[in-house]
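Some notes on the structure that comes next.
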Amino acid sequence: MKAYSRILRYILRYKTLVVLAVFCSLIYASMNGFSAYLIGPFMKTIFFQNEVVSGDKVNQPQDLKVLEKIKYSLKAKVDEILGKGNPKDVLSRLCLLVLVVIFFKNIFSYMQGYIMAYVEQGVVRNLREDVYESYHRLPLYYFQERKTGDLISRVINDCNTVNTNLNSSLINLMKEPINIFVLLSLMIVISWQLALISFLVAPPILFVISRISKKLRRRTTHTQGRVSAITSVLEETISNIRVVKAFAMEPFEINKFKKANYKYFRSLLRLFRIRRLSSPVTEFLGVTIAVGVLWIGGRMVIDQRGILAPEEFIVFILLLISLMQGAKRLSEVNNKIQMGIAATGRVFEIIDQPSDIADPPHPRPIDRICDSIRFCNVWYEYNPDEPVLKGINMEVKVGENIAIVGPSGAGKSTLVDLLPRFFDPVSGSVEIDGVDIREHRLDDLRKNFGIVTQETILFHDTIRDNIAYGRPDILFEDIVEAAKTAFAHDFIMNFENGYDTIIGDRGTKLSGGQKQRLVIARA
């Protein structure tokens, strides 16, 4: 239920459109029920020509029960619309009325479908944006503990699954219940006895659907995990293709992908087996109802006691068939929603992930470092009781150049990562000009640092945009000056397009040294 309520909150962002869609659904359902009801007058006009159809108002008998009064009023209203005359005239007016009703039925069906499609796509767009924003909010260690492919899969595959299964689901979920309600109301008006018999077996159908739905959700969650595994293999192989080729590991990587792909294939088969089971089971139970109604209703007509006219029985059967089709569509909607909810759970897992690196409630301003950076008895550990930094005390004055030296794994990168608050110390503090850096806004703090990482990370963009990353306001002259300072200007100008050269994914068109100089220019 929690996942349903979360999705509902996203839908309610478009509540005005949802209300408009409900209105369109009401008109559609009314037109749909009325078009089915018109089959009765049509049959009566064709096969019972000796009965006069009159447009004159007839006084309603006073001894009728409530349902009989409604049925009498409905018949009288239709007769009044059709008017009086010979069967041919009535048939012409009836055909025109059917065309008008069907026209408006389809107009409002289209409007409702388009409005809800807008809502569906809006919900998926909002989900995808929230996941992406959450990635930027989460601390660095979160990404170090997870596969990149799985994180990408949450935004692409999981959100696509939500999109695929919400698509048409919300439309039918909004339209079909109203449609079923209208059809059921007409069935009760025509013959409450037959309507009651029709729904005696409804509880077994609901029980079967609920059991299938639970299995469907479990299998969908498992399948989404398999998709993430494939995405991870792809991402790792493509990102490290130079290493794969250097070690001649193509057969190894191909075999690894085939194993992940086979597991996904098997998972999909189990998922489809469960999903395909719902529709035939529901249909068989529905046909059981229809056969029972045909047998009992047929006897009521054959007995000719006036309980049910032949044309009314035909209309009732048509209404029942339409209702069964609506119920079947609803059961398919339930299946899709269960699959969507399973994927939504993986999406909300990211959105709900807490971050312990956050802005203070009342941040202190910081424009630039004026005096010093100081580490005060700093301790840090990645795993409990396994400290990487132990009581570090150090002060660096403005204008000083220092080097932190030590063996691999000694904590050099961790120490530097504490400055922009990629991590926070387990104990102790890092201070700038005597103020704990946790008292500043993250954005204000990080604007004071130019960082060159051990791995040269560049974007698939122009040299100009890589140097001025995220700063479209910077003048071109300043970009050139930064490149000259990093000794990158000369090799940049050797490219045909100079600073407008696209450097490829992660700078694949550049040498290692050229990448490093661009990263220094960016810093």
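Identifiers for the structure tokens are assigned positionally: chains receive A, B, ... in sequence, residues are indexed from 1 per chain, and ligands are indexed from 1 in the order shown.
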Please report, as a VMD selection string, each residue of range 356-443 of chain A to which DSSP assigns alpha helix (DSSP H) when run on this structure's backbone.
-> chain A and resid 412 to 417 442 to 443
File of the preceding selection, all heavy atoms, as a PDB file, in the first residue's frame:
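Final file, result.pdb:
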```
ATOM      1  N   LYS A 412      45.842   8.975   1.902  1.00  0.00           N
ATOM      2  CA  LYS A 412      46.138  10.290   1.306  1.00  0.00           C
ATOM      3  C   LYS A 412      44.900  10.866   0.611  1.00  0.00           C
ATOM      4  O   LYS A 412      44.526  12.018   0.849  1.00  0.00           O
ATOM      5  CB  LYS A 412      47.289  10.152   0.293  1.00  0.00           C
ATOM      6  CG  LYS A 412      48.569   9.571   0.875  1.00  0.00           C
ATOM      7  CD  LYS A 412      49.685   9.554  -0.154  1.00  0.00           C
ATOM      8  CE  LYS A 412      49.373   8.655  -1.354  1.00  0.00           C
ATOM      9  NZ  LYS A 412      49.221   7.234  -0.984  1.00  0.00           N
ATOM     10  N   SER A 413      44.271  10.073  -0.278  1.00  0.00           N
ATOM     11  CA  SER A 413      43.077  10.557  -1.003  1.00  0.00           C
ATOM     12  C   SER A 413      41.937  10.819  -0.036  1.00  0.00           C
ATOM     13  O   SER A 413      41.181  11.797  -0.184  1.00  0.00           O
ATOM     14  CB  SER A 413      42.649   9.525  -2.053  1.00  0.00           C
ATOM     15  OG  SER A 413      43.652   9.344  -3.026  1.00  0.00           O
ATOM     16  N   THR A 414      41.784   9.964   0.975  1.00  0.00           N
ATOM     17  CA  THR A 414      40.717  10.148   1.960  1.00  0.00           C
ATOM     18  C   THR A 414      40.890  11.465   2.699  1.00  0.00           C
ATOM     19  O   THR A 414      39.918  12.201   2.932  1.00  0.00           O
ATOM     20  CB  THR A 414      40.720   8.978   2.969  1.00  0.00           C
ATOM     21  OG1 THR A 414      40.545   7.753   2.264  1.00  0.00           O
ATOM     22  CG2 THR A 414      39.611   9.139   3.991  1.00  0.00           C
ATOM     23  N   LEU A 415      42.140  11.772   3.064  1.00  0.00           N
ATOM     24  CA  LEU A 415      42.414  13.025   3.780  1.00  0.00           C
ATOM     25  C   LEU A 415      41.991  14.233   2.945  1.00  0.00           C
ATOM     26  O   LEU A 415      41.331  15.151   3.432  1.00  0.00           O
ATOM     27  CB  LEU A 415      43.907  13.109   4.109  1.00  0.00           C
ATOM     28  CG  LEU A 415      44.367  14.350   4.876  1.00  0.00           C
ATOM     29  CD1 LEU A 415      43.808  14.355   6.291  1.00  0.00           C
ATOM     30  CD2 LEU A 415      45.891  14.437   4.904  1.00  0.00           C
ATOM     31  N   VAL A 416      42.357  14.212   1.652  1.00  0.00           N
ATOM     32  CA  VAL A 416      42.014  15.337   0.773  1.00  0.00           C
ATOM     33  C   VAL A 416      40.504  15.377   0.506  1.00  0.00           C
ATOM     34  O   VAL A 416      39.913  16.457   0.406  1.00  0.00           O
ATOM     35  CB  VAL A 416      42.804  15.235  -0.549  1.00  0.00           C
ATOM     36  CG1 VAL A 416      42.379  16.333  -1.514  1.00  0.00           C
ATOM     37  CG2 VAL A 416      44.291  15.323  -0.272  1.00  0.00           C
ATOM     38  N   ASP A 417      39.859  14.197   0.411  1.00  0.00           N
ATOM     39  CA  ASP A 417      38.410  14.153   0.147  1.00  0.00           C
ATOM     40  C   ASP A 417      37.588  14.734   1.292  1.00  0.00           C
ATOM     41  O   ASP A 417      36.411  15.067   1.104  1.00  0.00           O
ATOM     42  CB  ASP A 417      37.965  12.705  -0.105  1.00  0.00           C
ATOM     43  CG  ASP A 417      38.369  12.209  -1.489  1.00  0.00           C
ATOM     44  OD1 ASP A 417      38.701  13.058  -2.335  1.00  0.00           O
ATOM     45  OD2 ASP A 417      38.350  10.980  -1.718  1.00  0.00           O
ATOM     46  N   LEU A 442      27.348  23.341   1.145  1.00  0.00           N
ATOM     47  CA  LEU A 442      28.242  22.530   0.313  1.00  0.00           C
ATOM     48  C   LEU A 442      28.679  23.282  -0.944  1.00  0.00           C
ATOM     49  O   LEU A 442      29.856  23.262  -1.317  1.00  0.00           O
ATOM     50  CB  LEU A 442      27.554  21.216  -0.074  1.00  0.00           C
ATOM     51  CG  LEU A 442      27.478  20.144   1.019  1.00  0.00           C
ATOM     52  CD1 LEU A 442      26.598  18.976   0.544  1.00  0.00           C
ATOM     53  CD2 LEU A 442      28.869  19.632   1.366  1.00  0.00           C
ATOM     54  N   ASP A 443      27.709  23.929  -1.617  1.00  0.00           N
ATOM     55  CA  ASP A 443      28.037  24.635  -2.856  1.00  0.00           C
ATOM     56  C   ASP A 443      29.046  25.753  -2.591  1.00  0.00           C
ATOM     57  O   ASP A 443      30.013  25.932  -3.346  1.00  0.00           O
ATOM     58  CB  ASP A 443      26.772  25.224  -3.486  1.00  0.00           C
ATOM     59  CG  ASP A 443      25.913  24.152  -4.138  1.00  0.00           C
ATOM     60  OD1 ASP A 443      26.389  23.006  -4.232  1.00  0.00           O
ATOM     61  OD2 ASP A 443      24.777  24.452  -4.541  1.00  0.00           O
TER      62      ASP A 443
END
```
Pick out the closest residue to Ile437 in chain A from this set: A:Pro363, A:Pro310, A:Gly149, A:Gly504. Count only C-alpha atoms.
-> A:Pro363
Just give me the gap between CA of Gln516 in chain A and CA of Ala483 in chain A in Å, one decimal is fine.
->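 Straight-line distance from CA of Gln516 in chain A to CA of Ala483 in chain A works out to 11.4 Å.
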If we count only C-alpha atoms, what is near Met187 in chain A at a cut-off of 10 Å, once residues fewer than 4 positions away on the same chain are taken out, given as JSON, numbers by chain?
-> {"A": [33, 37, 181, 182, 183, 191, 192, 193, 194, 195, 196, 198, 312, 313, 315, 316, 317, 318, 319, 320, 323]}
Could you turn the residues from that selection into a file that holds C-alpha atoms, as a PDB file, in the first residue's frame?
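Writing the result to part-v2.pdb gives the following:
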```pdb
ATOM      1  CA  GLY A  33     -24.017   2.174 -21.603  1.00  0.00           C
ATOM      2  CA  TYR A  37     -29.177  -0.019 -24.267  1.00  0.00           C
ATOM      3  CA  PHE A 181     -20.508   0.949 -12.598  1.00  0.00           C
ATOM      4  CA  VAL A 182     -22.725   2.353 -15.377  1.00  0.00           C
ATOM      5  CA  LEU A 183     -23.097  -1.042 -17.082  1.00  0.00           C
ATOM      6  CA  SER A 191     -33.165  -7.420 -14.145  1.00  0.00           C
ATOM      7  CA  TRP A 192     -31.754  -7.320 -10.638  1.00  0.00           C
ATOM      8  CA  GLN A 193     -32.245 -11.094 -10.344  1.00  0.00           C
ATOM      9  CA  LEU A 194     -29.924 -11.843 -13.269  1.00  0.00           C
ATOM     10  CA  ALA A 195     -27.429  -9.209 -12.072  1.00  0.00           C
ATOM     11  CA  LEU A 196     -27.286 -10.869  -8.654  1.00  0.00           C
ATOM     12  CA  SER A 198     -23.944 -12.825 -12.397  1.00  0.00           C
ATOM     13  CA  GLU A 312     -34.313  -6.675 -22.656  1.00  0.00           C
ATOM     14  CA  PHE A 313     -32.628 -10.055 -22.291  1.00  0.00           C
ATOM     15  CA  VAL A 315     -29.507  -5.965 -24.008  1.00  0.00           C
ATOM     16  CA  PHE A 316     -28.662  -7.571 -20.664  1.00  0.00           C
ATOM     17  CA  ILE A 317     -26.377 -10.116 -22.365  1.00  0.00           C
ATOM     18  CA  LEU A 318     -24.628  -7.350 -24.331  1.00  0.00           C
ATOM     19  CA  LEU A 319     -24.167  -5.333 -21.148  1.00  0.00           C
ATOM     20  CA  LEU A 320     -22.778  -8.386 -19.371  1.00  0.00           C
ATOM     21  CA  LEU A 323     -18.822  -5.609 -18.352  1.00  0.00           C
TER      22      LEU A 323
END
```
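Taking only C-alpha atoms into account, Val162 in chain A lies nearest to A:Val124 out of the set A:Val124, A:Ile178, A:Ile238, A:Val480.
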